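> First the structure, which I've put down as structure tokens, then a few questions once you've had a look.
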Amino acid sequence: MPQKSGLKSLHNAASSNPIQRMGLVLDHLVAALGEDSSSPLRRAQILVDIDAHPNTTQTEVMDRLKINKSTMSREIDWLYDHGCVIRQAGQQDGRLIHMTTCGYSKKSLGFALDYADHSHKNLQKFIESLITVFANPKPTLRDAKLLVSATELGDASRQELFARAYKAPLTTNVRTLEGLVEQGLIETDSES
Amino acid sequence: MVQKFRAAQTTINGLEMAFLGLSGSAMSSDHDLTWSFNNDRSKGKGGTPPIPPVAPK
């Protein structure tokens with residue numbers, strides 16, 4: 001559809017600022033995960049890996065991402081329960097379950113990939129680099145968005161930051177911001 | 001006084017790395033990447049490229 005791709009290109013061109021692009025990629029990842037911004041970045045990584053390898057198995061994803069079995073099982077169940085992936089028993093071996101991204105997840109990942117030169121590898125590198133920024137072992141997409149917003153805004157009030165954050169109860173946003181301050185990722189002049 | 005928040009330098013460095021990953025750019029130690037972020041915070045928006053040093057005559 002030329003009209004659709006034209007609109008996409010215009011959208012890409014309009015957001016030429018690197019920070020804005022990262023914010024938009026995070027938005028698309030949140031959309032791919034059923035608008036659940038409390039999703040860990042690891043979950044997004046798993047979804048991107050499945051999208052890059054249609055009909056892949058849980059063991060293959062585990063091997064590629066070096067994620068332990070219990071975490072992987074929990075995340076795969078979440079993705080299946082939220083309609084992000086479909087599971088099918090293998091034709092050769094019914095015990096092997098193959099997974100493929102579907103529906104809104106696949107569509108939203110496609111939008112995210114527009115900003116990654118249509119490369120799953122680039123998108124994975126992006127998420128992996130984001131994870132390493134945090135001291136917290138389980139950063140969420142909400143954490144990442146707040147960091148991107150703080151970087152884009154420069155000196156910003158709590159209210160200005162929360163206006164850019166994902167919709168959540170005030171207590172959730174306050175807790176997220178405090179966590180980022182504790183990790184030394186956001187600085188504040190509260191002492192003065 | 002309204003409490004202000006800003007990204008720490010480590011955050012800016014980390015996001016630069018993340019952006020390089022996203023764009024598939026090769027890492028280069030002699031390339032100044034900070035211009036693309038808001039290192040010019042006094043203007044309150046995305047930074048501008050640094051002015052290249054003038055070669056001595």
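Identifiers for the structure tokens are assigned positionally: chains receive A, B, ... in sequence, residues are indexed from 1 per chain, and ligands are indexed from 1 in the order shown.
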If we count only C-alpha atoms, which residues of chain A reach to within 6 Å of chain B? Please list them as a list in words.

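Every residue meeting the condition is included here: Ala116, Asn122, Leu123, Lys125, Phe126, Ser129, Leu130, Val133, Ala150, Thr151, Gly154, Asp155, Ala156, Ser157, Leu185, Ile186, Glu187, Thr188, Asp189 and Ser190 of chain A.
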
> List every residue of region 1-191 of chain A that DSSP, applied to the backbone, labels as helix (DSSP H, G or I), and write the result as a VMD selection string.

chain A and resid 2 to 14 18 to 32 41 to 52 58 to 65 69 to 81 103 to 114 120 to 133 141 to 153 158 to 164 170 to 182

> Write out as a PyMOL selection string each polymer residue whose atoms come within 8 Å of Thr140 (chain A), counting only C-alpha atoms; drop sequence neighbours fewer than 5 positions from it.

chain A and resi 37-41

> May I have the residues from that selection written out with C-alpha atoms, as a compact mmCIF listing (two decimals), in the first residue's frame?


# COMPACT_ATOMS: atom_id res chain seq x y z
CA SER A 37 3.96 -0.01 30.09
CA SER A 38 4.90 -1.88 33.25
CA SER A 39 6.24 -4.66 31.01
CA PRO A 40 9.91 -5.41 31.60
CA LEU A 41 12.28 -4.58 28.74

> Please report the interatomic distance between CA of Asp36 (chain A) and CA of Gln159 (chain A) in Å with one decimal.

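Going from CA of Asp36 (chain A) over to CA of Gln159 (chain A) covers 21.6 Å.
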
> Find, counting only C-alpha atoms, the residue in A:Glu35, A:Gln183, A:Val25, A:Ala112 that gets nearest to Lys167 (chain A).

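Selected residue with least distance to Lys167 (chain A): A:Glu35.
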
> Give me the residues within 9 Å of Leu26 (chain A) as a list in words, counting only C-alpha atoms and dropping any in the same chain fewer than 3 places off.

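Near Leu26 (chain A), the qualifying residues are Arg21, Met22, Gly23, Leu29, Val30, Ala31, Ala112, Leu141, Arg142, Ala144 and Lys145 of chain A.
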
> One decimal, Å: what's the distance from CA of Leu113 (chain A) over to CA of Ala32 (chain A), could you say?

11.6 Å

> At a cut-off of 10 Å, using only C-alpha atoms, what residues contact Cys84 (chain A)? Leave out same-chain residues fewer than 6 positions from it and give the result as number ranges by chain.

A: 32-34, 47, 76, 78, 99-106

> Take the residues from that selection and put them in a file with C-alpha atoms, as a PDB file, in the first residue's frame.


ATOM      1  CA  ALA A  32       3.001  -4.367  20.950  1.00  0.00           C
ATOM      2  CA  LEU A  33       2.732  -5.496  24.570  1.00  0.00           C
ATOM      3  CA  GLY A  34      -0.951  -4.672  24.930  1.00  0.00           C
ATOM      4  CA  LEU A  47       8.722 -10.607  21.676  1.00  0.00           C
ATOM      5  CA  ILE A  76       5.794 -16.728  27.156  1.00  0.00           C
ATOM      6  CA  TRP A  78       2.085 -13.647  29.494  1.00  0.00           C
ATOM      7  CA  MET A  99       5.513 -19.585  18.499  1.00  0.00           C
ATOM      8  CA  THR A 100       4.807 -16.718  16.130  1.00  0.00           C
ATOM      9  CA  THR A 101       3.868 -13.081  16.769  1.00  0.00           C
ATOM     10  CA  CYS A 102       0.398 -12.056  15.653  1.00  0.00           C
ATOM     11  CA  GLY A 103      -2.245  -9.350  15.513  1.00  0.00           C
ATOM     12  CA  TYR A 104      -1.603  -5.998  17.130  1.00  0.00           C
ATOM     13  CA  SER A 105       1.804  -7.107  18.387  1.00  0.00           C
ATOM     14  CA  LYS A 106       3.106  -7.900  14.937  1.00  0.00           C
TER      15      LYS A 106
END

> Between CA of Arg164 (chain A) and CA of His82 (chain A), what distance in Å does the model show, to one decimal?

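Distance between the two atoms: 25.4 Å.
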